[in-house]
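J.: Below is model_12.txt; it holds compact mmCIF, C-alpha atoms.
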# COMPACT_ATOMS: atom_id res chain seq x y z
CA MET A 2 0.00 0.00 0.00
CA ARG A 3 1.19 3.54 -0.71
CA PHE A 4 0.75 6.02 2.09
CA ILE A 5 -0.94 8.67 -0.06
CA LEU A 6 -4.35 9.40 1.33
CA LEU A 7 -5.75 11.70 -1.30
CA ASP A 8 -6.36 11.25 -5.02
CA LYS A 9 -7.01 14.63 -6.55
CA VAL A 10 -6.96 18.34 -5.81
CA THR A 11 -10.17 19.85 -7.16
CA GLU A 12 -9.73 23.41 -5.99
CA LEU A 13 -6.80 25.40 -4.65
CA VAL A 14 -6.69 29.05 -3.66
CA VAL A 15 -3.17 29.90 -2.58
CA ALA A 16 -2.88 30.75 1.13
CA GLN A 17 -6.60 30.23 1.61
CA ARG A 18 -8.37 27.09 0.70
CA ILE A 19 -8.07 23.64 -0.82
CA THR A 20 -10.60 21.00 -1.81
CA THR A 21 -9.49 17.44 -2.45
CA VAL A 22 -11.01 14.01 -2.89
CA LYS A 23 -10.09 10.56 -1.74
CA ALA A 24 -11.74 7.59 -3.40
CA LEU A 25 -12.08 4.57 -1.14
CA SER A 26 -11.54 1.18 -2.75
CA LEU A 27 -11.79 -2.36 -1.40
CA ALA A 28 -8.37 -2.83 -3.00
CA GLU A 29 -6.89 -0.91 -0.04
CA GLU A 30 -5.36 -3.59 2.17
CA TYR A 31 -6.09 -2.25 5.65
CA LEU A 32 -9.83 -2.59 4.99
CA ALA A 33 -9.51 -6.34 5.42
CA ASP A 34 -8.87 -5.69 9.13
CA HIS A 35 -11.03 -2.57 9.54
CA PHE A 36 -13.29 -4.35 9.61
CA ALA A 37 -13.54 -7.76 7.99
CA THR A 38 -17.35 -7.75 7.91
CA PHE A 39 -17.77 -3.99 7.74
CA PRO A 40 -14.99 -2.29 5.81
CA VAL A 41 -14.82 1.45 6.50
CA LEU A 42 -12.13 4.11 6.27
CA PRO A 43 -10.42 4.33 9.68
CA GLY A 44 -10.96 7.66 11.41
CA VAL A 45 -7.24 8.28 11.69
CA LEU A 46 -6.82 7.87 7.95
CA MET A 47 -9.40 10.62 7.54
CA ILE A 48 -7.10 12.73 9.70
CA GLU A 49 -4.15 11.70 7.54
CA ALA A 50 -6.07 12.54 4.36
CA LEU A 51 -6.99 15.96 5.73
CA VAL A 52 -3.42 16.63 6.91
CA GLN A 53 -1.97 15.57 3.55
CA SER A 54 -4.48 17.85 1.82
CA ALA A 55 -3.50 20.76 4.06
CA GLY A 56 0.14 19.91 3.36
CA ILE A 57 -0.36 20.39 -0.36
CA LEU A 58 -1.76 23.86 0.21
CA VAL A 59 1.15 24.73 2.50
CA HIS A 60 3.71 23.45 -0.01
CA VAL A 61 2.18 25.38 -2.88
CA THR A 62 1.73 28.53 -0.79
CA ASN A 63 5.30 28.37 0.56
CA ASP A 64 6.72 27.15 -2.76
CA PHE A 65 8.03 23.94 -1.15
CA ARG A 66 10.53 25.90 0.95
CA GLN A 67 10.07 23.46 3.84
CA SER A 68 10.46 19.79 2.99
CA ILE A 69 8.65 18.28 5.96
CA ILE A 70 5.15 19.10 7.20
CA VAL A 71 3.84 17.34 10.28
CA LEU A 72 0.71 17.46 12.38
CA GLN A 73 1.54 19.24 15.61
CA GLU A 74 -1.94 19.34 17.11
CA ALA A 75 -5.41 18.07 16.22
CA ARG A 76 -8.44 19.42 18.09
CA ASN A 77 -12.05 18.42 18.26
CA VAL A 78 -11.94 15.95 15.40
CA LYS A 79 -15.43 14.50 15.31
CA TYR A 80 -16.58 11.52 13.31
CA LYS A 81 -20.14 11.72 12.08
CA SER A 82 -20.60 8.88 9.65
CA PHE A 83 -18.73 6.19 7.74
CA VAL A 84 -16.85 6.20 4.45
CA LYS A 85 -17.37 2.88 2.70
CA PRO A 86 -15.66 1.33 -0.33
CA GLY A 87 -17.09 2.93 -3.44
CA ASN A 88 -17.58 6.27 -1.64
CA ILE A 89 -15.67 9.39 -2.58
CA LEU A 90 -14.59 11.47 0.39
CA ARG A 91 -14.56 15.17 -0.48
CA MET A 92 -12.37 17.27 1.82
CA GLU A 93 -12.67 21.00 2.27
CA LEU A 94 -9.98 22.85 4.17
CA THR A 95 -9.72 26.52 5.00
CA ALA A 96 -6.39 27.91 6.13
CA ARG A 97 -6.66 30.18 9.14
CA SER A 98 -3.00 31.01 8.76
CA ILE A 99 0.00 29.80 6.79
CA ASP A 100 3.41 30.99 7.94
CA GLU A 101 6.88 29.70 7.13
CA GLN A 102 7.02 27.27 10.03
CA SER A 103 3.43 26.67 11.00
CA SER A 104 -0.11 26.72 9.73
CA SER A 105 -3.61 26.27 11.07
CA PHE A 106 -6.62 24.74 9.32
CA LEU A 107 -10.34 24.17 9.66
CA ALA A 108 -11.21 20.95 7.89
CA ALA A 109 -14.29 18.97 6.97
CA GLY A 110 -14.99 15.83 4.97
CA PHE A 111 -18.16 14.81 3.15
CA VAL A 112 -19.52 11.97 1.10
CA ASP A 113 -21.91 13.79 -1.25
CA ASP A 114 -23.85 16.02 1.18
CA ARG A 115 -23.34 13.80 4.17
CA PRO A 116 -20.86 15.19 6.76
CA VAL A 117 -18.31 12.57 7.69
CA VAL A 118 -15.61 14.32 9.71
CA GLU A 119 -14.59 17.75 10.90
CA GLY A 120 -11.69 19.10 12.93
CA ARG A 121 -9.03 21.72 13.50
CA PHE A 122 -5.38 21.10 12.75
CA GLN A 123 -2.14 22.86 13.53
CA LEU A 124 0.80 21.88 11.32
CA ARG A 125 4.53 22.44 11.75
CA HIS A 126 6.88 22.77 8.78
CA PHE A 127 10.66 22.52 8.69
CA ASN A 128 13.77 21.39 6.89
CA LEU A 129 15.94 18.61 8.36
CA ALA A 130 18.90 20.85 7.60
CA ASP A 131 17.59 23.32 10.23
CA GLU A 132 18.97 20.91 12.83
CA ASN A 133 21.94 19.66 10.89
CA GLU A 134 23.36 20.68 7.52
CA LYS A 135 24.19 17.11 6.57
CA TRP A 136 20.48 16.52 5.91
CA ALA A 137 20.25 19.13 3.16
CA GLN A 138 20.39 16.54 0.42
CA THR A 139 17.61 14.52 2.02
CA ASP A 140 15.51 17.70 2.25
CA GLU A 141 15.98 18.17 -1.46
CA LYS A 142 14.97 14.59 -2.17
CA ILE A 143 11.82 14.95 -0.09
CA ARG A 144 11.05 18.30 -1.64
CA GLN A 145 11.23 16.70 -5.09
CA GLU A 146 8.95 13.90 -4.00
CA MET A 147 6.42 16.42 -2.68
CA ARG A 148 6.55 18.42 -5.92
CA TYR A 149 5.96 15.20 -7.80
CA ARG A 150 2.97 14.33 -5.61
CA ALA A 151 1.47 17.78 -5.98
CA ARG A 152 1.73 17.43 -9.76
CA LEU A 153 0.32 13.90 -9.62
CA LEU A 154 -2.68 15.23 -7.73
CA GLY A 155 -3.28 18.09 -10.13
CA ALA A 156 -2.40 20.85 -7.68
CA MET B 21 -0.27 -4.70 5.66
CA ARG B 22 -2.18 -5.42 8.83
CA TRP B 23 -4.24 -2.82 10.60
CA ILE B 24 -2.77 -3.46 14.03
CA TRP B 25 -0.82 -0.63 15.58
CA ILE B 26 0.31 -2.04 18.90
CA ASP B 27 2.55 -5.06 19.49
CA LYS B 28 1.90 -6.10 23.05
CA PHE B 29 0.41 -5.08 26.34
CA VAL B 30 2.82 -4.68 29.25
CA GLU B 31 0.25 -3.59 31.80
CA PHE B 32 -3.49 -4.04 31.89
CA GLU B 33 -5.71 -2.95 34.76
CA SER B 34 -9.22 -3.76 33.74
CA GLY B 35 -11.47 -0.73 33.67
CA LYS B 36 -8.63 1.62 34.55
CA ARG B 37 -5.43 1.69 32.60
CA ALA B 38 -3.43 -0.10 29.94
CA VAL B 39 0.15 0.20 28.74
CA ALA B 40 1.14 -1.12 25.32
CA ILE B 41 4.27 -1.14 23.21
CA LYS B 42 4.61 -0.34 19.52
CA ASN B 43 7.88 -1.02 17.75
CA VAL B 44 8.65 1.10 14.71
CA SER B 45 10.34 -0.91 11.96
CA LEU B 46 11.51 -0.32 8.40
CA ALA B 47 9.63 -3.53 7.58
CA GLU B 48 6.47 -1.36 7.74
CA GLU B 49 5.57 -0.10 4.28
CA TYR B 50 4.20 3.35 5.08
CA LEU B 51 7.61 4.48 6.37
CA HIS B 52 8.99 4.31 2.86
CA ASP B 53 6.51 6.96 1.73
CA HIS B 54 6.72 8.99 4.94
CA TYR B 55 9.28 10.15 3.97
CA PRO B 56 11.82 8.79 1.48
CA GLY B 57 15.22 9.25 3.08
CA TYR B 58 13.84 10.24 6.50
CA PRO B 59 11.21 7.82 7.74
CA PHE B 60 9.06 8.58 10.77
CA MET B 61 5.68 7.43 11.98
CA PRO B 62 2.88 9.84 11.01
CA ALA B 63 0.93 11.48 13.83
CA SER B 64 -2.28 9.94 12.50
CA LEU B 65 -0.89 6.43 13.09
CA LEU B 66 0.31 7.42 16.55
CA ILE B 67 -3.31 8.34 17.22
CA GLU B 68 -4.39 4.93 15.95
CA ALA B 69 -1.90 3.15 18.20
CA MET B 70 -3.40 5.02 21.16
CA ALA B 71 -6.93 4.37 19.90
CA GLN B 72 -6.26 0.64 19.77
CA THR B 73 -4.67 0.59 23.22
CA ALA B 74 -7.61 2.58 24.57
CA GLY B 75 -10.28 0.79 22.54
CA ILE B 76 -9.29 -2.59 23.93
CA LEU B 77 -9.31 -1.15 27.45
CA VAL B 78 -12.81 0.25 26.91
CA GLY B 79 -14.06 -2.87 25.14
CA GLN B 80 -12.75 -5.20 27.83
CA ALA B 81 -14.34 -3.04 30.55
CA ARG B 82 -17.73 -4.04 29.19
CA GLY B 83 -16.85 -7.64 28.29
CA PHE B 84 -16.46 -6.87 24.57
CA GLN B 85 -20.24 -6.70 24.31
CA GLU B 86 -20.18 -3.21 22.81
CA LYS B 87 -19.01 -2.13 19.38
CA VAL B 88 -16.46 0.47 20.47
CA ILE B 89 -15.53 2.97 17.79
CA LEU B 90 -13.57 6.17 17.79
CA ALA B 91 -16.02 9.09 17.91
CA LYS B 92 -13.85 12.08 18.69
CA VAL B 93 -10.21 13.05 19.02
CA SER B 94 -10.64 15.82 21.58
CA ARG B 95 -7.02 16.79 21.44
CA ALA B 96 -3.81 15.23 20.15
CA GLN B 97 -0.48 17.00 20.61
CA PHE B 98 2.86 15.83 19.28
CA TYR B 99 6.25 16.91 20.50
CA ASP B 100 8.75 14.74 18.69
CA LEU B 101 9.06 12.12 15.95
CA ALA B 102 8.98 8.30 16.21
CA ARG B 103 11.63 6.70 14.01
CA PRO B 104 12.66 3.19 12.88
CA GLY B 105 14.15 1.25 15.78
CA ASP B 106 12.13 3.21 18.33
CA GLN B 107 9.97 1.46 20.87
CA LEU B 108 6.91 3.50 21.81
CA ILE B 109 5.24 3.15 25.20
CA LEU B 110 1.58 4.00 25.04
CA GLU B 111 -0.36 4.51 28.25
CA ALA B 112 -4.12 4.90 28.19
CA ARG B 113 -6.24 5.82 31.22
CA LEU B 114 -9.97 5.35 31.27
CA GLU B 115 -11.34 8.61 32.65
CA THR B 116 -15.04 7.88 32.40
CA ILE B 117 -17.32 5.26 30.90
CA THR B 118 -21.09 5.24 30.43
CA PRO B 119 -23.37 2.90 28.49
CA GLU B 120 -23.08 5.26 25.50
CA ALA B 121 -19.46 6.37 25.47
CA ALA B 122 -16.04 6.50 27.10
CA ILE B 123 -13.30 9.09 27.54
CA ILE B 124 -9.62 8.17 27.53
CA CYS B 125 -6.53 10.25 28.15
CA GLY B 126 -3.17 8.90 27.06
CA THR B 127 0.53 9.55 26.66
CA ILE B 128 3.12 8.26 24.24
CA ARG B 129 6.72 8.01 25.37
CA CYS B 130 9.75 7.29 23.26
CA ARG B 131 13.39 7.16 24.34
CA GLU B 132 12.16 8.21 27.76
CA LYS B 133 10.64 11.42 26.45
CA LEU B 134 7.01 12.39 26.12
CA ILE B 135 6.31 12.57 22.39
CA GLY B 136 2.54 12.75 22.40
CA GLN B 137 -0.53 13.44 24.49
CA ILE B 138 -3.89 12.33 23.22
CA SER B 139 -7.47 12.47 24.54
CA LEU B 140 -10.09 10.43 22.80
CA MET B 141 -13.77 9.65 23.02
CA PHE B 142 -15.26 6.34 22.02
CA SER B 143 -18.85 5.66 21.19
CA HIS B 144 -20.72 2.44 21.89
CA ILE B 145 -22.46 2.56 18.58
CA ASP B 146 -25.54 0.51 19.27
CA LYS B 147 -26.50 3.25 21.68
CA ASN B 148 -25.70 6.06 19.25
CA LEU B 149 -25.52 6.59 15.49
CA ALA B 150 -29.26 6.32 14.96
CA GLY B 151 -30.21 5.98 11.33
CA GLN B 152 -26.87 4.61 10.20
CA GLU B 153 -26.56 1.07 9.12
CA PHE B 154 -24.01 -1.30 10.47
CA PRO B 155 -23.95 -5.05 11.09
CA GLN B 156 -25.52 -6.63 14.15
CA GLU B 157 -22.49 -8.63 15.08
CA ASN B 158 -19.53 -7.08 16.87
CA PHE B 159 -17.38 -6.35 13.83
CA VAL B 160 -14.92 -4.41 16.02
CA PHE B 161 -13.88 -7.28 18.22
CA ASN B 162 -14.84 -10.45 16.39
CA ASN B 163 -11.61 -10.45 14.43
CA GLU B 164 -9.40 -12.03 17.05
CA GLN B 165 -6.36 -9.81 16.67
CA PHE B 166 -7.26 -7.55 19.61
CA ILE B 167 -8.38 -10.36 21.87
CA ASN B 168 -5.15 -12.22 21.09
CA LEU B 169 -3.11 -9.29 22.36
CA LEU B 170 -4.88 -9.59 25.69
CA ARG B 171 -4.53 -13.38 25.72
CA SER B 172 -0.77 -13.05 25.20
CA TYR B 173 -0.57 -10.51 28.00
CA GLU B 174 -2.46 -12.81 30.37
CA ALA B 175 -0.28 -15.75 29.43
CA GLU B 176 2.98 -13.88 29.92
CA LYS B 177 2.35 -11.66 32.88
CA PRO B 178 4.39 -12.49 35.98
CA MET C 10 -15.96 26.85 48.14
CA ALA C 11 -17.89 29.85 46.90
CA MET C 12 -17.08 31.30 43.51
CA THR C 13 -18.28 34.51 41.95
CA ARG C 14 -20.33 34.33 38.79
CA ASP C 15 -17.43 35.92 36.90
CA GLN C 16 -14.99 33.27 38.05
CA ILE C 17 -17.43 30.55 37.11
CA ASN C 18 -18.05 32.22 33.76
CA GLU C 19 -14.32 32.24 32.98
CA LYS C 20 -13.87 28.58 33.83
CA VAL C 21 -16.99 27.45 31.97
CA LYS C 22 -15.82 29.30 28.88
CA GLU C 23 -12.37 27.70 29.07
CA THR C 24 -14.01 24.30 29.45
CA LEU C 25 -16.25 24.81 26.46
CA MET C 26 -13.30 26.04 24.39
CA ASP C 27 -11.42 22.85 25.28
CA ALA C 28 -14.34 20.50 24.74
CA LEU C 29 -15.56 22.03 21.51
CA GLY C 30 -12.30 23.31 20.06
CA VAL C 31 -13.73 26.79 19.57
CA ASP C 32 -12.07 30.15 20.18
CA ASP C 33 -12.48 32.64 22.97
CA ASP C 34 -14.49 35.08 20.91
CA GLU C 35 -17.00 32.41 19.87
CA VAL C 36 -18.03 31.56 23.44
CA THR C 37 -20.31 34.51 24.20
CA ASP C 38 -22.81 34.43 27.10
CA ASP C 39 -25.68 34.03 24.73
CA ALA C 40 -24.10 31.49 22.39
CA THR C 41 -26.15 28.33 21.92
CA LEU C 42 -24.17 25.17 22.51
CA MET C 43 -25.56 23.24 19.58
CA GLY C 44 -26.22 26.04 17.12
CA ASP C 45 -23.38 28.50 17.62
CA LEU C 46 -20.73 26.23 19.12
CA GLY C 47 -21.45 23.07 17.14
CA ALA C 48 -21.90 20.78 20.14
CA GLU C 49 -23.34 17.38 19.37
CA SER C 50 -24.39 14.35 21.36
CA ILE C 51 -20.81 13.06 21.64
CA ASP C 52 -19.72 16.44 22.99
CA PHE C 53 -22.22 16.41 25.87
CA LEU C 54 -20.31 13.71 27.74
CA ASP C 55 -17.05 15.51 27.09
CA ILE C 56 -18.50 18.77 28.43
CA VAL C 57 -19.97 17.09 31.53
CA PHE C 58 -16.69 15.30 32.24
CA ARG C 59 -14.57 18.42 31.92
CA LEU C 60 -16.96 20.53 34.01
CA GLU C 61 -16.91 17.87 36.73
CA LYS C 62 -13.13 18.00 36.75
CA ALA C 63 -12.90 21.78 36.55
CA PHE C 64 -15.32 22.41 39.43
CA GLY C 65 -14.88 19.26 41.51
CA ILE C 66 -18.59 18.41 41.40
CA LYS C 67 -20.71 15.54 40.10
CA ILE C 68 -23.04 16.38 37.26
CA PRO C 69 -25.80 13.94 36.29
CA ARG C 70 -25.90 14.34 32.53
CA GLU C 71 -29.65 14.87 32.28
CA GLU C 72 -29.39 17.93 34.47
CA LEU C 73 -27.37 19.70 31.81
CA PHE C 74 -28.56 18.03 28.63
CA PRO C 75 -31.88 16.26 28.05
CA ALA C 76 -31.66 12.53 28.41
CA GLU C 77 -32.12 10.48 25.25
CA ASN C 78 -34.80 8.47 27.01
CA LEU C 79 -36.90 11.57 27.62
CA LEU C 80 -36.74 12.55 23.97
CA ASN C 81 -37.71 9.05 22.86
CA ASP C 82 -40.63 8.56 25.25
CA SER C 83 -44.08 9.07 23.70
CA ALA C 84 -45.48 10.23 27.04
CA TYR C 85 -43.15 13.20 26.86
CA VAL C 86 -42.91 13.89 23.16
CA ASP C 87 -45.81 13.92 20.72
CA HIS C 88 -45.47 14.77 17.03
CA GLY C 89 -42.19 16.57 17.50
CA LYS C 90 -43.37 18.67 20.41
CA LEU C 91 -43.03 18.21 24.14
CA THR C 92 -46.23 17.27 25.95
CA GLY C 93 -47.27 18.94 29.22
CA ALA C 94 -45.76 16.00 31.07
CA GLY C 95 -42.58 16.29 29.01
CA LEU C 96 -42.26 19.98 29.75
CA GLU C 97 -42.78 19.43 33.47
CA ARG C 98 -40.15 16.71 33.55
CA LEU C 99 -37.63 18.80 31.66
CA LYS C 100 -38.23 21.79 33.94
CA SER C 101 -37.76 19.69 37.06
CA GLN C 102 -34.50 18.24 35.71
CA MET C 103 -33.19 21.59 34.56
CA PRO C 104 -34.27 24.34 36.90
CA HIS C 105 -31.46 26.57 35.67
CA VAL C 106 -32.92 26.91 32.18
CA ASP C 107 -35.42 29.59 31.22
CA PHE C 108 -38.31 27.83 29.47
CA THR C 109 -40.73 30.77 29.11
CA GLU C 110 -40.14 31.31 25.37
CA PHE C 111 -39.87 27.62 24.62
CA GLU C 112 -43.15 26.85 26.39
CA LYS C 113 -45.10 28.89 23.85
CA ASP C 114 -44.14 26.40 21.16
CA PRO C 115 -42.32 23.41 22.66
CA ASP C 116 -41.03 22.14 19.33
CA LEU C 117 -38.20 19.61 19.62
CA ASN C 118 -36.31 21.36 16.85
CA LYS C 119 -36.21 24.48 18.98
CA MET C 120 -34.74 22.72 21.98
CA PRO C 121 -31.15 23.34 20.97
CA ASP C 122 -31.77 27.08 21.43
CA LEU C 123 -32.38 26.47 25.12
CA PHE C 124 -28.84 25.50 25.85
CA ARG C 125 -26.76 28.58 26.05
CA VAL C 126 -23.47 29.32 27.72
CA ASN C 127 -25.11 31.45 30.39
CA SER C 128 -27.49 28.66 31.43
CA ILE C 129 -24.48 26.42 32.09
CA VAL C 130 -22.90 29.16 34.15
CA THR C 131 -26.13 29.47 36.17
CA TYR C 132 -26.25 25.70 36.69
CA ILE C 133 -22.67 25.60 37.96
CA GLU C 134 -23.28 28.61 40.15
CA ASN C 135 -26.21 26.85 41.80
CA LYS C 136 -24.24 23.65 42.33
CA VAL C 137 -21.03 25.19 43.56
CA ASN C 138 -22.61 27.65 45.93
CA ALA C 139 -25.09 25.16 47.34
CA ALA C 140 -22.25 22.86 48.42
Would you write the structure of this file as structure tokens?
T.:
Amino acid sequence: MRFILLDKVTELVVAQRITTVKALSLAEEYLADHFATFPVLPGVLMIEALVQSAGILVHVTNDFRQSIIVLQEARNVKYKSFVKPGNILRMELTARSIDEQSSSFLAAGFVDDRPVVEGRFQLRHFNLADENEKWAQTDEKIRQEMRYRARLLGA
Amino acid sequence: MRWIWIDKFVEFESGKRAVAIKNVSLAEEYLHDHYPGYPFMPASLLIEAMAQTAGILVGQARGFQEKVILAKVSRAQFYDLARPGDQLILEARLETITPEAAIICGTIRCREKLIGQISLMFSHIDKNLAGQEFPQENFVFNNEQFINLLRSYEAEKP
Amino acid sequence: MAMTRDQINEKVKETLMDALGVDDDEVTDDATLMGDLGAESIDFLDIVFRLEKAFGIKIPREELFPAENLLNDSAYVDHGKLTGAGLERLKSQMPHVDFTEFEKDPDLNKMPDLFRVNSIVTYIENKVNAA
């Protein structure tokens, strides 16, 4: 399995807003365990999908200046209904702020009109070289990978 | 890949508290995407490791009769990264439990440092989620992987 | 331990901010929990738990939020409105809430408007200062 939890960027307004989709397929391996008789997208993978979506907006807004974007804090993430194989999860994120080293988002996910998840996220962005210059090459490699992903997703 | 994010229980006080271990290994696929050249466990999967530790604690408290699912991540804060070769210690404390829901607060430690603090709410979905369809049987716990973790703990504890 | 209404107000607001992930400026006195602050069923337990911890008191959930079994009982709810018996029961469980407006048209859909930040503050004030 590839750890890419979104499939397409459908709307992107630099520094402000991004809309993405994730299509859920029975081909995704973890569904066999979650759960065998009732396969549904795990709540934490909704968080991952939302964080990866936010990450794309940060990368594009900051022109990929930071290679690594991580979730620093999630608040009040509520799960309202299930995402089942065959569903398309639509994610809408609004940036409350995007700075060089941190950003803050309001996020919500829907299947058609049905609310599935909502939450607030604080992200942290950095380069490995900030700690130690020897990582500069790795930063560049990751940066390239993230540019590739953004292109792949149509950002 | 298997959807099991803890490796063993090291402490289990029914209805109160559980401590589990998760080893982080390059044998896990997601690390190769997150990120190439600098692998570390994503925060979302740290939350899942805590949710599984906590979910088994909550489930066991009511004899695995309830379908226990994650309803809310009240707050999850992360202070450092978990990397290949790390052994994470997850501690979950049951703060309150009712027929409808449960609240858990937990910590994740790595290399003797606190790397995460997470508070979660679980729902016992037969008592909630009106109007949504899900199977009658306990799909959360009828796959034995969670019960086996507890069985191993019982078998090995001093 | 007696607390002033202001002190209680501050702490209740902090608690709601924590439980609902909302900001300071969203938690006004008049804000409705469900409408303005987005509280849902799952949040009620969270709010009760945090208030119990913050104030060191026990809070039976149906004193702050209507019990599911009241809302589902046909003796108390008829065609989407509370019956006389339902109203009486709710009032006795929640003496801190002002039902005068609601009584004129006790429509279930309007119930969320009853639960405002200031009614929680009043409830806590009664509990804390009675002890």
J.: Env of range 21-36 of chain B: 8 Å cut, atoms = all atoms listed in the file, seq-sep filter 4 positions within chain, self excluded. Answer as a ChimeraX atom specification.
T.: /A:2,30-32,34-35 /B:40-43,48-49,65,68-69,72-73,77-78,80-81,113-115,165,169-170,172-173,177
J.: How close does chain C get to chain A? List, as a Markdown table, each residue of chain C within 8 Å, its nearest atom pair and the distance in Å to one decimal, counting all atoms listed in the file.
T.:
| residue | atom | partner | partner_atom | distance |
| --- | --- | --- | --- | --- |
| C:Ala28 | CA | A:Asn77 | CA | 7.2 |
| C:Leu29 | CA | A:Asn77 | CA | 6.0 |
| C:Gly30 | CA | A:Asn77 | CA | 5.2 |
J.: B:Arg95, B:Glu174, B:Gln152, B:Asp106: which is nearest chain C, counting only C-alpha atoms?
T.: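 For chain C, the nearest of the candidates is B:Arg95.
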J.: Restricting the calculation to only C-alpha atoms: of A:Ala109, A:Ile57, A:Val52, A:Leu13, which residue gets closest to chain B?
T.: A:Val52
J.: Using only C-alpha atoms, determine which residues lie at most 9 Å from Arg98 in chain C, disregarding the query and same-chain residues fewer than 4 positions distant; provide the list as JSON, numbers by chain.
T.: {"C": [79, 85, 93, 94, 102, 103]}
J.: For CA of Glu120 in chain B and CA of Ser143 in chain B, quote the distance in Å rounded to one decimal.
T.: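 Straight-line distance from CA of Glu120 in chain B to CA of Ser143 in chain B works out to 6.1 Å.
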J.: Return as a tab-separated table the residues of chain A lying at most 10 Å from chain B, together with the closest atom-to-atom pair for each and the distance in Å to one decimal, counting all atoms listed in the file, with rows in chain order and ascending residue number.
T.:
residue	atom	partner	partner_atom	distance
A:Met2	CA	B:Glu49	CA	7.0
A:Arg3	CA	B:Tyr50	CA	6.5
A:Phe4	CA	B:Tyr50	CA	5.3
A:Ile5	CA	B:Asp53	CA	7.9
A:Glu29	CA	B:Met21	CA	9.5
A:Glu30	CA	B:Met21	CA	6.3
A:Tyr31	CA	B:Trp23	CA	5.3
A:Leu32	CA	B:Trp23	CA	7.9
A:Ala33	CA	B:Arg22	CA	8.1
A:Asp34	CA	B:Trp23	CA	5.6
A:His35	CA	B:Trp23	CA	6.9
A:Phe36	CA	B:Phe159	CA	6.2
A:Ala37	CA	B:Phe159	CA	7.1
A:Thr38	CA	B:Phe159	CA	6.1
A:Phe39	CA	B:Phe159	CA	6.5
A:Pro40	CA	B:Phe159	CA	9.3
A:Pro43	CA	B:Glu68	CA	8.7
A:Gly44	CA	B:Leu90	CA	7.1
A:Val45	CA	B:Ser64	CA	5.3
A:Leu46	CA	B:Ser64	CA	6.8
A:Met47	CA	B:Ser64	CA	8.7
A:Ile48	CA	B:Ser64	CA	6.2
A:Glu49	CA	B:Ser64	CA	5.6
A:Ala50	CA	B:Ser64	CA	9.3
A:Val52	CA	B:Ser64	CA	8.8
A:Ser68	CA	B:Tyr55	CA	9.8
A:Ile69	CA	B:Tyr55	CA	8.4
A:Val71	CA	B:Ala63	CA	7.4
A:Leu72	CA	B:Ala63	CA	6.2
A:Gln73	CA	B:Phe98	CA	5.2
A:Glu74	CA	B:Gln97	CA	4.5
A:Ala75	CA	B:Ala96	CA	5.1
A:Arg76	CA	B:Arg95	CA	4.5
A:Asn77	CA	B:Ser94	CA	4.4
A:Val78	CA	B:Val93	CA	5.0
A:Lys79	CA	B:Lys92	CA	4.4
A:Tyr80	CA	B:Ala91	CA	5.2
A:Lys81	CA	B:Ala91	CA	7.6
A:Ser82	CA	B:Gln152	CA	7.6
A:Phe83	CA	B:Gln152	CA	8.6
A:Val118	CA	B:Lys92	CA	9.4
A:Glu119	CA	B:Lys92	CA	9.7
A:Gly120	CA	B:Val93	CA	8.7
A:Arg121	CA	B:Arg95	CA	9.6
A:Phe122	CA	B:Ala96	CA	9.6
A:Gln123	CA	B:Gln97	CA	9.3
A:Leu129	CA	B:Tyr58	CA	8.8
A:Trp136	CA	B:Tyr58	CA	9.2
A:Gln138	CA	B:Gly57	CA	9.3
A:Thr139	CA	B:Gly57	CA	5.9
A:Asp140	CA	B:Gly57	CA	8.5
A:Lys142	CA	B:Gly57	CA	7.5
A:Ile143	CA	B:Pro56	CA	6.4
A:Glu146	CA	B:Pro56	CA	8.0
A:Met147	CA	B:Tyr55	CA	9.6
